[in-house]
$ cat my_file28.txt   # compact mmCIF, C-alpha atoms
# COMPACT_ATOMS: atom_id res chain seq x y z
CA MET A 1 -35.98 16.28 -95.86
CA ARG A 2 -39.34 16.38 -94.05
CA TRP A 3 -41.77 13.58 -93.27
CA ARG A 4 -45.36 13.21 -92.10
CA ARG A 5 -48.10 10.60 -91.90
CA ASN A 6 -50.11 10.10 -95.06
CA PRO A 7 -53.52 11.47 -93.94
CA ALA A 8 -55.25 8.65 -95.84
CA VAL A 9 -53.76 6.02 -93.54
CA LEU A 10 -55.69 4.28 -90.76
CA TRP A 11 -53.68 3.46 -87.67
CA ARG A 12 -53.52 2.40 -84.04
CA THR A 13 -50.67 2.35 -81.58
CA ALA A 14 -49.91 0.49 -78.37
CA PRO A 15 -46.66 0.42 -76.42
CA ASP A 16 -43.98 -0.92 -78.79
CA TYR A 17 -46.58 -1.59 -81.49
CA LEU A 18 -47.94 0.23 -84.52
CA VAL A 19 -50.45 -1.05 -87.04
CA LEU A 20 -51.20 0.78 -90.27
CA ALA A 21 -53.85 0.15 -92.90
CA ALA A 22 -54.84 1.52 -96.25
CA VAL A 23 -58.48 1.84 -97.22
CA ASP A 24 -58.01 -0.98 -99.74
CA GLY A 25 -57.33 -3.39 -96.87
CA ARG A 26 -53.54 -3.56 -96.94
CA THR A 27 -52.00 -3.61 -93.46
CA LEU A 28 -48.58 -3.34 -91.90
CA GLU A 29 -47.58 -4.09 -88.32
CA VAL A 30 -44.45 -2.52 -86.84
CA ASP A 31 -42.98 -3.72 -83.55
CA GLY A 32 -40.58 -1.71 -81.40
CA PRO A 33 -40.19 2.07 -81.59
CA GLY A 34 -42.45 2.51 -84.63
CA CYS A 35 -45.17 3.94 -82.40
CA GLU A 36 -42.78 6.61 -81.09
CA VAL A 37 -41.84 7.55 -84.65
CA TRP A 38 -45.50 7.66 -85.68
CA ALA A 39 -46.43 9.88 -82.74
CA ARG A 40 -44.02 12.52 -84.07
CA LEU A 41 -45.29 12.41 -87.66
CA ALA A 42 -48.66 14.09 -87.05
CA GLY A 43 -47.37 17.11 -88.99
CA TRP A 44 -44.35 17.73 -91.18
CA ILE A 45 -41.10 17.20 -89.27
CA SER A 46 -37.52 17.33 -90.52
CA GLU A 47 -35.58 14.12 -90.34
CA GLY A 48 -33.00 15.84 -88.14
CA ASP A 49 -35.59 16.99 -85.62
CA LEU A 50 -37.23 13.55 -85.62
CA THR A 51 -33.92 11.78 -85.05
CA ALA A 52 -32.94 14.18 -82.28
CA ALA A 53 -36.30 13.75 -80.52
CA LEU A 54 -36.08 9.97 -80.66
CA ALA A 55 -32.48 9.98 -79.48
CA ARG A 56 -33.53 12.06 -76.48
CA HIS A 57 -36.52 9.82 -75.81
CA TYR A 58 -34.44 6.63 -75.82
CA GLY A 59 -31.24 8.16 -74.36
CA ALA A 60 -29.30 7.04 -77.42
CA GLU A 61 -26.81 8.79 -79.67
CA GLU A 62 -28.29 10.40 -82.78
CA ARG A 63 -25.89 8.60 -85.08
CA VAL A 64 -27.13 5.27 -83.71
CA VAL A 65 -30.78 6.20 -84.14
CA SER A 66 -30.38 7.92 -87.49
CA SER A 67 -29.93 4.96 -89.80
CA ASP A 68 -32.78 2.96 -88.21
CA VAL A 69 -35.12 5.92 -88.49
CA ARG A 70 -34.21 6.49 -92.14
CA SER A 71 -34.71 2.80 -92.90
CA LEU A 72 -38.14 2.75 -91.23
CA LEU A 73 -39.26 5.95 -92.96
CA GLU A 74 -38.12 4.73 -96.37
CA GLY A 75 -39.96 1.46 -95.80
CA LEU A 76 -43.17 3.22 -94.78
CA HIS A 77 -42.86 5.67 -97.67
CA GLY A 78 -42.40 2.83 -100.12
CA GLN A 79 -45.77 1.43 -99.07
CA GLY A 80 -47.53 4.79 -99.08
CA TYR A 81 -47.92 5.17 -95.33
CA VAL A 82 -45.84 8.35 -94.97
CA ASP A 83 -45.31 11.41 -97.17
CA ARG A 84 -41.88 12.85 -97.95
CA ASP A 85 -41.10 16.45 -98.78
CA GLY A 86 -37.75 17.33 -100.27
CA MET B 87 -81.60 -6.99 -64.03
CA THR B 88 -79.53 -10.08 -63.50
CA ALA B 89 -75.81 -9.40 -63.32
CA THR B 90 -73.46 -12.00 -64.70
CA ALA B 91 -70.49 -12.78 -62.44
CA GLU B 92 -67.31 -11.42 -63.96
CA HIS B 93 -63.68 -11.93 -62.96
CA PRO B 94 -62.64 -8.99 -60.72
CA ALA B 95 -59.84 -8.15 -63.17
CA LEU B 96 -62.38 -7.53 -65.91
CA VAL B 97 -64.48 -5.33 -63.64
CA ALA B 98 -61.35 -3.39 -62.64
CA ALA B 99 -60.41 -2.99 -66.31
CA ALA B 100 -63.91 -1.95 -67.36
CA ARG B 101 -64.13 0.78 -64.70
CA HIS B 102 -60.53 1.97 -65.05
CA GLY B 103 -60.42 5.74 -65.39
CA LEU B 104 -63.98 6.28 -64.17
CA ALA B 105 -63.53 5.80 -60.45
CA GLU B 106 -60.88 5.54 -57.77
CA PRO B 107 -59.07 2.24 -58.30
CA GLY B 108 -59.29 -0.43 -55.64
CA SER B 109 -56.50 -2.75 -54.61
CA PRO B 110 -54.59 -4.29 -57.53
CA VAL B 111 -56.23 -7.43 -58.87
CA VAL B 112 -54.16 -10.49 -59.73
CA ILE B 113 -54.88 -12.82 -62.63
CA ASP B 114 -53.21 -16.08 -61.72
CA ALA B 115 -51.72 -18.27 -64.40
CA ALA B 116 -54.53 -20.83 -64.21
CA ALA B 117 -57.22 -18.21 -64.83
CA ALA B 118 -55.43 -16.20 -67.51
CA ASP B 119 -56.78 -18.00 -70.59
CA THR B 120 -60.37 -17.85 -69.36
CA VAL B 121 -60.11 -14.17 -68.47
CA PHE B 122 -58.46 -13.30 -71.78
CA ASP B 123 -61.07 -15.24 -73.74
CA ARG B 124 -63.81 -13.42 -71.90
CA ALA B 125 -62.09 -10.10 -72.58
CA ARG B 126 -61.78 -10.86 -76.27
CA PHE B 127 -65.43 -11.91 -76.52
CA ASP B 128 -66.48 -8.63 -74.90
CA HIS B 129 -63.92 -6.46 -76.77
CA LEU B 130 -62.46 -5.61 -73.40
CA THR B 131 -58.90 -6.63 -74.24
CA GLY B 132 -57.70 -3.05 -74.70
CA PHE B 133 -59.13 -2.05 -71.32
CA LEU B 134 -57.49 -5.05 -69.67
CA ALA B 135 -54.13 -4.39 -71.31
CA ARG B 136 -54.32 -0.73 -70.23
CA ALA B 137 -55.18 -1.76 -66.67
CA VAL B 138 -52.12 -4.06 -66.64
CA LEU B 139 -49.89 -1.28 -67.99
CA ASP B 140 -51.19 1.07 -65.29
CA GLY B 141 -50.67 -1.47 -62.50
CA LEU B 142 -54.33 -1.98 -61.60
CA VAL B 143 -54.23 -5.56 -62.73
CA THR B 144 -51.30 -7.92 -62.44
CA VAL B 145 -50.79 -11.00 -64.56
CA GLU B 146 -48.70 -13.51 -62.62
CA ASP B 147 -47.19 -15.24 -65.60
CA ASP B 148 -44.90 -13.38 -68.07
CA GLY B 149 -45.97 -15.69 -70.86
CA ALA B 150 -49.60 -14.81 -70.22
CA ASN B 151 -48.70 -11.13 -70.28
CA ALA B 152 -47.24 -11.60 -73.74
CA VAL B 153 -50.41 -13.41 -74.84
CA LEU B 154 -52.52 -10.49 -73.64
CA ARG B 155 -50.38 -7.99 -75.59
CA ARG B 156 -50.57 -10.17 -78.72
CA ARG B 157 -54.34 -10.41 -78.45
CA TRP B 158 -54.61 -6.64 -78.04
CA HIS B 159 -52.49 -6.17 -81.16
CA ASP B 160 -54.68 -8.63 -83.07
CA GLU B 161 -57.77 -6.63 -82.11
CA LEU B 162 -56.11 -3.37 -83.18
CA LEU B 163 -55.32 -4.91 -86.55
CA THR B 164 -58.99 -5.86 -86.87
CA CYS B 165 -60.03 -2.30 -85.96
CA VAL B 166 -58.01 -0.63 -88.73
CA ARG B 167 -59.25 -3.21 -91.26
CA LEU B 168 -62.82 -2.46 -90.20
CA GLU B 169 -62.22 1.26 -90.47
CA GLY B 170 -61.13 0.63 -94.07
CA VAL B 171 -64.48 -1.10 -94.59
CA ALA B 172 -66.25 1.86 -92.96
CA VAL B 173 -64.55 4.29 -95.34
CA ARG B 174 -65.29 2.18 -98.42
CA THR B 175 -68.91 1.80 -97.31
CA ALA B 176 -69.14 5.56 -96.68
CA GLU B 177 -67.97 6.23 -100.24
CA LEU B 178 -70.80 4.05 -101.59
CA LEU B 179 -73.51 5.51 -99.36
CA ASP B 180 -72.45 9.13 -99.79
CA ALA B 181 -72.26 8.79 -103.57
CA ALA B 182 -75.87 7.60 -103.54
CA GLY B 183 -77.01 10.41 -101.23
CA VAL B 184 -77.97 8.04 -98.40
CA ASN B 185 -78.54 9.70 -95.02
CA TRP B 186 -76.63 7.61 -92.49
CA ARG B 187 -74.53 7.77 -89.33
CA LEU B 188 -71.66 5.75 -87.93
CA THR B 189 -72.35 4.49 -84.40
CA LYS B 190 -70.94 2.27 -81.64
CA GLY B 191 -67.40 0.87 -82.07
CA ALA B 192 -65.36 3.15 -84.33
CA ALA B 193 -67.46 6.21 -83.48
CA LEU B 194 -67.02 5.79 -79.73
CA ALA B 195 -63.35 4.84 -80.01
CA HIS B 196 -62.52 8.12 -81.75
CA LEU B 197 -64.95 10.52 -80.08
CA ASP B 198 -65.51 9.24 -76.57
CA TYR B 199 -62.31 7.52 -75.49
CA PRO B 200 -59.06 9.49 -75.01
CA ASP B 201 -57.11 6.61 -76.56
CA ALA B 202 -58.90 4.94 -79.46
CA SER B 203 -56.67 1.88 -79.06
CA VAL B 204 -58.36 0.95 -75.79
CA ARG B 205 -61.84 0.65 -77.33
CA THR B 206 -61.62 -2.20 -79.82
CA PHE B 207 -64.53 -3.55 -81.86
CA GLY B 208 -65.43 -6.38 -84.17
CA ASP B 209 -67.77 -4.90 -86.75
CA VAL B 210 -68.90 -1.68 -88.39
CA ASP B 211 -72.21 -0.26 -87.15
CA LEU B 212 -74.23 2.13 -89.30
CA VAL B 213 -77.65 3.64 -88.69
CA VAL B 214 -79.54 4.52 -91.84
CA HIS B 215 -82.40 7.00 -92.03
CA PRO B 216 -85.70 5.10 -92.38
CA SER B 217 -86.44 6.66 -95.75
CA ASP B 218 -83.08 5.52 -97.14
CA TRP B 219 -82.67 2.10 -95.53
CA SER B 220 -83.98 0.01 -98.44
CA GLU B 221 -81.82 1.95 -100.89
CA ALA B 222 -78.74 1.49 -98.69
CA PHE B 223 -79.41 -2.25 -98.37
CA ARG B 224 -79.87 -2.65 -102.13
CA LEU B 225 -76.77 -0.61 -102.85
CA LEU B 226 -74.55 -2.65 -100.56
CA THR B 227 -75.90 -6.05 -101.61
CA ASP B 228 -75.38 -5.04 -105.25
CA ARG B 229 -71.72 -4.46 -104.33
CA GLY B 230 -71.26 -7.92 -102.90
CA TYR B 231 -72.25 -7.44 -99.25
CA ARG B 232 -74.22 -10.51 -98.19
CA ARG B 233 -76.95 -10.74 -95.57
CA GLN B 234 -76.15 -13.30 -92.85
CA THR B 235 -79.74 -14.28 -92.02
CA ALA B 236 -82.80 -14.82 -94.15
CA THR B 237 -85.22 -12.00 -94.78
CA LEU B 238 -88.63 -12.58 -93.22
CA PRO B 239 -91.46 -12.67 -95.75
CA GLY B 240 -93.84 -9.78 -96.05
CA ASP B 241 -92.92 -6.44 -94.62
CA TYR B 242 -91.71 -7.34 -91.13
CA ASP B 243 -88.19 -6.10 -91.79
CA ALA B 244 -89.35 -2.81 -93.26
CA ARG B 245 -92.01 -2.05 -90.67
CA TYR B 246 -90.62 -3.57 -87.49
CA GLY B 247 -87.12 -4.98 -88.07
CA LYS B 248 -83.87 -3.95 -86.42
CA GLY B 249 -81.90 -4.03 -89.66
CA ALA B 250 -79.49 -6.46 -91.28
CA THR B 251 -76.06 -7.89 -90.55
CA LEU B 252 -74.04 -7.95 -93.76
CA THR B 253 -70.75 -9.60 -94.61
CA THR B 254 -68.44 -7.78 -97.00
CA PRO B 255 -66.71 -9.67 -99.81
CA ASP B 256 -63.54 -9.76 -97.68
CA GLY B 257 -65.38 -11.25 -94.70
CA CYS B 258 -65.91 -8.22 -92.47
CA GLU B 259 -69.20 -7.60 -90.68
CA VAL B 260 -71.34 -4.51 -91.23
CA ASP B 261 -74.45 -3.98 -89.10
CA LEU B 262 -76.96 -1.87 -90.99
CA HIS B 263 -79.35 -0.62 -88.30
CA ARG B 264 -82.81 0.68 -89.06
CA ARG B 265 -83.81 0.55 -85.38
CA PHE B 266 -81.96 0.03 -82.11
CA ALA B 267 -84.16 -2.92 -81.08
CA ILE B 268 -86.96 -5.24 -82.05
CA GLY B 269 -90.08 -5.90 -80.03
CA ARG B 270 -91.78 -3.70 -77.45
CA PHE B 271 -89.10 -1.01 -77.44
CA GLY B 272 -88.44 -1.16 -81.17
CA VAL B 273 -91.85 -0.69 -82.74
CA THR B 274 -92.35 2.66 -81.02
CA THR B 275 -89.02 4.14 -82.15
CA ARG B 276 -88.99 6.98 -84.65
CA MET B 277 -85.43 6.91 -85.86
CA GLU B 278 -85.69 10.31 -87.54
CA ALA B 279 -85.05 11.76 -84.08
CA VAL B 280 -81.40 10.66 -84.05
CA PHE B 281 -80.80 12.27 -87.44
CA ALA B 282 -81.68 15.77 -86.24
CA SER B 283 -78.01 16.59 -85.66
CA CYS B 284 -74.66 15.07 -86.41
CA ASP B 285 -71.07 14.65 -85.26
CA GLY B 286 -68.23 13.52 -87.46
CA ILE B 287 -64.90 11.72 -87.41
CA GLU B 288 -62.16 11.85 -89.98
CA LEU B 289 -60.89 8.50 -91.20
CA ALA B 290 -58.37 8.22 -94.01
CA GLY B 291 -58.96 11.84 -94.95
CA ARG B 292 -62.72 11.38 -95.22
CA THR B 293 -65.28 12.81 -92.80
CA LEU B 294 -67.80 10.19 -91.70
CA PRO B 295 -71.09 11.30 -90.12
CA VAL B 296 -71.61 10.04 -86.58
CA LEU B 297 -74.59 10.09 -84.20
CA ASP B 298 -74.39 13.06 -81.87
CA PRO B 299 -73.51 12.35 -78.19
CA ALA B 300 -77.15 12.08 -77.10
CA GLY B 301 -77.80 9.64 -79.95
CA ARG B 302 -74.67 7.65 -79.13
CA LEU B 303 -75.78 7.43 -75.52
CA LEU B 304 -79.25 6.33 -76.59
CA HIS B 305 -77.82 3.57 -78.77
CA ALA B 306 -75.39 2.53 -76.04
CA CYS B 307 -78.29 2.27 -73.57
CA PHE B 308 -80.39 0.20 -75.98
CA HIS B 309 -77.43 -2.11 -76.50
CA ALA B 310 -76.67 -2.38 -72.78
CA ALA B 311 -80.30 -3.08 -71.85
CA LEU B 312 -81.49 -5.08 -74.86
CA GLY B 313 -78.49 -6.17 -76.91
CA GLY B 314 -77.30 -9.70 -77.39
CA PHE B 315 -73.93 -9.23 -75.66
CA ARG B 316 -74.81 -7.36 -72.48
CA ARG B 317 -71.43 -7.52 -70.87
CA LEU B 318 -69.09 -5.11 -69.17
CA ARG B 319 -67.97 -3.24 -72.29
CA ALA B 320 -71.53 -2.29 -73.15
CA PHE B 321 -71.94 -0.74 -69.71
CA ARG B 322 -68.55 0.95 -69.91
CA ASP B 323 -69.73 2.71 -73.07
CA VAL B 324 -72.77 4.07 -71.23
CA ALA B 325 -70.59 5.26 -68.35
CA GLN B 326 -68.01 6.74 -70.70
CA LEU B 327 -70.62 8.80 -72.54
CA LEU B 328 -72.09 10.08 -69.28
CA LEU B 329 -68.99 10.62 -67.14
CA VAL B 330 -66.29 11.48 -69.69
CA THR B 331 -67.98 12.75 -72.86
CA GLY B 332 -70.66 14.58 -70.91
CA ALA B 333 -73.37 13.59 -73.38
CA ASP B 334 -76.64 15.49 -73.12
CA TRP B 335 -78.39 12.75 -71.15
CA ALA B 336 -81.56 14.85 -70.75
CA ALA B 337 -81.87 14.91 -74.55
CA THR B 338 -81.37 11.13 -74.55
CA TYR B 339 -84.20 10.73 -72.03
CA ASP B 340 -86.38 13.07 -74.10
CA ILE B 341 -86.02 10.95 -77.22
CA ALA B 342 -86.50 7.77 -75.21
CA ARG B 343 -89.67 9.14 -73.64
CA SER B 344 -91.06 10.03 -77.06
CA TRP B 345 -90.36 6.41 -78.04
CA ARG B 346 -92.00 5.07 -74.84
CA SER B 347 -88.60 3.63 -74.02
CA GLU B 348 -87.54 5.65 -70.98
CA ALA B 349 -87.33 2.36 -69.07
CA VAL B 350 -84.60 1.20 -71.45
CA VAL B 351 -82.38 4.18 -70.70
CA ALA B 352 -83.12 4.08 -66.98
CA SER B 353 -82.44 0.36 -66.79
CA ALA B 354 -79.18 0.63 -68.73
CA ILE B 355 -77.87 3.45 -66.54
CA GLU B 356 -78.94 1.79 -63.31
CA GLU B 357 -77.25 -1.46 -64.33
CA THR B 358 -74.14 0.42 -65.47
CA TRP B 359 -73.63 1.76 -61.96
CA GLU B 360 -74.25 -1.69 -60.53
CA ARG B 361 -72.05 -3.72 -62.90
CA LEU B 362 -69.14 -1.26 -62.83
CA GLU B 363 -69.51 -0.74 -59.09
CA LEU B 364 -69.61 3.04 -59.52
CA ARG B 365 -70.11 5.15 -56.41
CA VAL B 366 -69.96 8.53 -58.13
CA GLY B 367 -73.12 10.63 -58.16
CA HIS B 368 -74.61 11.76 -61.48
CA PRO B 369 -78.00 13.32 -62.26
CA ALA B 370 -78.63 10.80 -65.05
CA HIS B 371 -78.21 8.01 -62.50
CA GLU B 372 -80.46 9.77 -60.01
CA ARG B 373 -83.09 10.09 -62.71
CA ALA B 374 -82.68 6.43 -63.63
CA MET B 375 -83.23 5.42 -60.03
CA SER B 376 -86.40 7.50 -59.80
CA THR B 377 -87.86 6.55 -63.19
CA PRO B 378 -90.98 4.43 -62.73
CA VAL B 379 -90.77 1.22 -64.75
CA SER B 380 -94.04 -0.55 -65.43
CA ARG B 381 -94.45 -4.27 -64.82
CA GLY B 382 -94.80 -4.80 -68.56
CA ASP B 383 -91.58 -2.94 -69.32
CA ARG B 384 -89.75 -4.75 -66.54
CA ARG B 385 -90.92 -8.13 -67.81
CA VAL B 386 -89.68 -7.38 -71.32
CA LEU B 387 -86.35 -6.01 -70.07
CA ARG B 388 -85.85 -9.25 -68.14
CA SER B 389 -86.70 -11.28 -71.23
CA PHE B 390 -84.11 -9.45 -73.32
CA ALA B 391 -81.57 -9.76 -70.50
CA ARG B 392 -82.01 -13.54 -70.67
CA GLU B 393 -81.32 -13.34 -74.41
CA SER B 394 -84.65 -14.91 -75.27
CA PRO B 395 -85.18 -16.25 -78.80
CA PHE B 396 -86.01 -13.87 -81.63
CA ARG B 397 -89.68 -14.80 -81.74
CA THR B 398 -90.14 -14.19 -78.00
CA GLN B 399 -88.49 -10.81 -78.27
CA ALA B 400 -90.50 -9.90 -81.37
CA LEU B 401 -93.80 -10.91 -79.75
CA SER B 402 -93.12 -8.49 -76.90
CA ALA B 403 -94.25 -5.79 -79.33
CA LEU B 404 -97.88 -6.89 -79.30
CA GLY B 405 -98.94 -4.70 -76.40
CA ARG B 406 -97.51 -1.64 -78.09
CA LEU B 407 -99.02 -2.04 -81.55
CA PRO B 408 -102.30 -0.47 -82.61
CA PRO B 409 -104.91 -3.28 -82.54
CA ARG B 410 -105.45 -3.10 -86.30
CA GLU B 411 -101.75 -3.84 -86.88
CA VAL B 412 -101.58 -6.92 -84.68
CA PRO B 413 -102.84 -9.48 -87.27
CA ARG B 414 -100.41 -8.17 -89.86
CA TYR B 415 -97.56 -8.30 -87.32
CA LEU B 416 -98.38 -11.86 -86.29
CA TRP B 417 -98.68 -12.95 -89.91
CA SER B 418 -95.27 -11.52 -90.73
CA LEU B 419 -93.76 -13.60 -87.91
CA ALA B 420 -95.72 -16.77 -88.63
CA SER B 421 -93.89 -18.10 -91.66
CA PRO B 422 -92.44 -21.53 -90.80
CA GLY B 423 -88.90 -22.59 -91.43
CA LEU B 424 -87.13 -19.31 -90.88
CA ARG B 425 -84.97 -18.88 -87.83
CA ARG B 426 -83.73 -15.47 -86.88
CA ARG B 427 -81.39 -14.18 -84.26
CA PRO B 428 -82.33 -11.01 -82.39

$ encode --input "my_file28.txt" --output "structure tokens"
Amino acid sequence: MRWRRNPAVLWRTAPDYLVLAAVDGRTLEVDGPGCEVWARLAGWISEGDLTAALARHYGAEERVVSSDVRSLLEGLHGQGYVDRDG
Amino acid sequence: MTATAEHPALVAAARHGLAEPGSPVVIDAAAADTVFDRARFDHLTGFLARAVLDGLVTVEDDGANAVLRRRWHDELLTCVRLEGVAVRTAELLDAAGVNWRLTKGAALAHLDYPDASVRTFGDVDLVVHPSDWSEAFRLLTDRGYRRQTATLPGDYDARYGKGATLTTPDGCEVDLHRRFAIGRFGVTTRMEAVFASCDGIELAGRTLPVLDPAGRLLHACFHAALGGFRRLRAFRDVAQLLLVTGADWAATYDIARSWRSEAVVASAIEETWERLELRVGHPAHERAMSTPVSRGDRRVLRSFARESPFRTQALSALGRLPPREVPRYLWSLASPGLRRRP
């Protein structure tokens, strides 16, 4: 499965902070590693590659990172902030 | 021009990335609220937070550090909401064939700053071509945008006005500029000049037209020299466009000269170097320092710097109007009971 940002989303990041907005005015704030996830979603990326990159970045095991990443992506996808392929 | 005393931490934040940093500046716990309030008022919070992250500024109290981060996040939330407004407004204007450009906040954040999150803003600024301004205003007010101040009677707004500040139905502010200033340096502007070319930014999958770098620099200079909030961020924008973007400052001077407003650009650049304590050499600064400024221009620049009332600023145009237009101009300002902000 691959993921990327929805190009129609407006966003800003700061350390440990991500804010997303839709043109209709809806917004979502994400604390913690959301900004690191978002930075890697500029183009399509497989979930495996994304998890591996984040695990390396945080020095954590992939199996620990994996479920949190999936949960975040599913949440963002449910609100239209990220696209899913496959 | 008169410089307002600023906390050294704000100066350090506003010049961060433009010059060699000095010794780290400390914000003690007692001063933190005042400094943060000042930063928020000037949309300097992102610069201050970045300076703290990079170790140029130290906040003594951990709680105050958390407050600063929270305030930065609040401003970022405002920015993305405003960009939604900008996109929705663009859809309306483009559908009607209005010739317009995005300017200031969102435009500079995306095109002139390496990290858009540093340059926060509190409204959406649009410049509309003179021939389309009335149509744009009608279009937006028909869609529920409301003007914040009364319209002057007669044709002051159309012939001499700076534009209108509108509030969207969801409470966001949109500045619809028809000129960069009122008064002496406004009545001689020919805004067609800044529509000769165009940049663009992509927001939410839509390309929005933006003033080109010379036009952005011109607007930044007008704001820094004549705007209502002439604080550090305004001068940082001027410096950013000159030192980082590499805007065609000679083209900016050319337009300003054709508007008899070279003193505005020279004054803004000179004060930028002074307020941000820049020591770096730049030909635009050298030109600013050697630009002759007449007594009349200097007097009006000082008046704007003091944030004089609207009527005082508007009356500064009298010396620049053709004599036959003066009675009409005075009449358009004479109506009692209306109070305007510059």

$ closest_atom_pairs --input "my_file28.txt" --of "chain A" --to "chain B" --cutoff "12 Å" --atoms "all atoms listed in the file" --output "JSON lines"
{"residue": "A:Arg5", "atom": "CA", "partner": "B:Ala290", "partner_atom": "CA", "distance": 10.8}
{"residue": "A:Asn6", "atom": "CA", "partner": "B:Ala290", "partner_atom": "CA", "distance": 8.5}
{"residue": "A:Pro7", "atom": "CA", "partner": "B:Gly291", "partner_atom": "CA", "distance": 5.5}
{"residue": "A:Ala8", "atom": "CA", "partner": "B:Ala290", "partner_atom": "CA", "distance": 3.6}
{"residue": "A:Val9", "atom": "CA", "partner": "B:Ala290", "partner_atom": "CA", "distance": 5.1}
{"residue": "A:Leu10", "atom": "CA", "partner": "B:Ala290", "partner_atom": "CA", "distance": 5.8}
{"residue": "A:Trp11", "atom": "CA", "partner": "B:Val166", "partner_atom": "CA", "distance": 6.0}
{"residue": "A:Arg12", "atom": "CA", "partner": "B:Ser203", "partner_atom": "CA", "distance": 5.9}
{"residue": "A:Thr13", "atom": "CA", "partner": "B:Ser203", "partner_atom": "CA", "distance": 6.5}
{"residue": "A:Ala14", "atom": "CA", "partner": "B:Ser203", "partner_atom": "CA", "distance": 6.9}
{"residue": "A:Pro15", "atom": "CA", "partner": "B:Leu139", "partner_atom": "CA", "distance": 9.2}
{"residue": "A:Asp16", "atom": "CA", "partner": "B:Arg155", "partner_atom": "CA", "distance": 10.1}
{"residue": "A:Tyr17", "atom": "CA", "partner": "B:His159", "partner_atom": "CA", "distance": 7.5}
{"residue": "A:Leu18", "atom": "CA", "partner": "B:His159", "partner_atom": "CA", "distance": 8.5}
{"residue": "A:Val19", "atom": "CA", "partner": "B:Leu163", "partner_atom": "CA", "distance": 6.2}
{"residue": "A:Leu20", "atom": "CA", "partner": "B:Val166", "partner_atom": "CA", "distance": 7.1}
{"residue": "A:Ala21", "atom": "CA", "partner": "B:Val166", "partner_atom": "CA", "distance": 5.9}
{"residue": "A:Ala22", "atom": "CA", "partner": "B:Gly170", "partner_atom": "CA", "distance": 6.7}
{"residue": "A:Val23", "atom": "CA", "partner": "B:Gly170", "partner_atom": "CA", "distance": 4.3}
{"residue": "A:Asp24", "atom": "CA", "partner": "B:Gly170", "partner_atom": "CA", "distance": 6.7}
{"residue": "A:Gly25", "atom": "CA", "partner": "B:Arg167", "partner_atom": "CA", "distance": 5.9}
{"residue": "A:Arg26", "atom": "CA", "partner": "B:Arg167", "partner_atom": "CA", "distance": 8.1}
{"residue": "A:Thr27", "atom": "CA", "partner": "B:Arg167", "partner_atom": "CA", "distance": 7.6}
{"residue": "A:Leu28", "atom": "CA", "partner": "B:Leu163", "partner_atom": "CA", "distance": 8.7}
{"residue": "A:Glu29", "atom": "CA", "partner": "B:Leu163", "partner_atom": "CA", "distance": 8.0}
{"residue": "A:Val30", "atom": "CA", "partner": "B:His159", "partner_atom": "CA", "distance": 10.5}
{"residue": "A:Asp31", "atom": "CA", "partner": "B:His159", "partner_atom": "CA", "distance": 10.1}
{"residue": "A:Tyr81", "atom": "CA", "partner": "B:Ala290", "partner_atom": "CA", "distance": 11.0}

$ residues_around --input "my_file28.txt" --residues "Leu328 in chain B" --least-positions-apart "5" --cutoff "12 Å" --atoms "all atoms listed in the file" --output "JSON, numbers by chain"
{"B": [104, 198, 199, 299, 300, 302, 303, 304, 306, 307, 321, 322, 323, 333, 334, 335, 336, 338, 351, 354, 355, 358, 359, 366, 367, 368, 369, 370, 371]}

$ residues_around --input "my_file28.txt" --residues "Gly43 in chain A" --least-positions-apart "6" --cutoff "12 Å" --atoms "all atoms listed in the file" --output "PyMOL selection string"
chain A and resi 2-7+37+50+82-85

$ atom_distance --input "my_file28.txt" --atom1 "CA of Arg397 in chain B" --atom2 "CA of Ser347 in chain B"
20.0 Å

$ atom_distance --input "my_file28.txt" --atom1 "CA of Gly405 in chain B" --atom2 "CA of Arg270 in chain B"
7.3 Å

$ atom_distance --input "my_file28.txt" --atom1 "CA of Ala267 in chain B" --atom2 "CA of Pro378 in chain B"
20.9 Å

$ residues_around --input "my_file28.txt" --residues "Ser66 in chain A" --least-positions-apart "2" --cutoff "9 Å" --atoms "all atoms listed in the file" --output "NGL selection string"
:A and (47-48 or 51-52 or 55 or 61-64 or 68-71)

$ residues_around --input "my_file28.txt" --residues "Phe133 in chain B" --least-positions-apart "2" --cutoff "9 Å" --atoms "all atoms listed in the file" --output "ChimeraX atom specification"
/B:96,99-102,125,129-131,135-138,204-206,319

$ closest_residue --input "my_file28.txt" --among "B:Ala105, B:Val153, B:Val184, B:Leu312" --to "Ala391 in chain B" --atoms "all atoms listed in the file"
B:Leu312
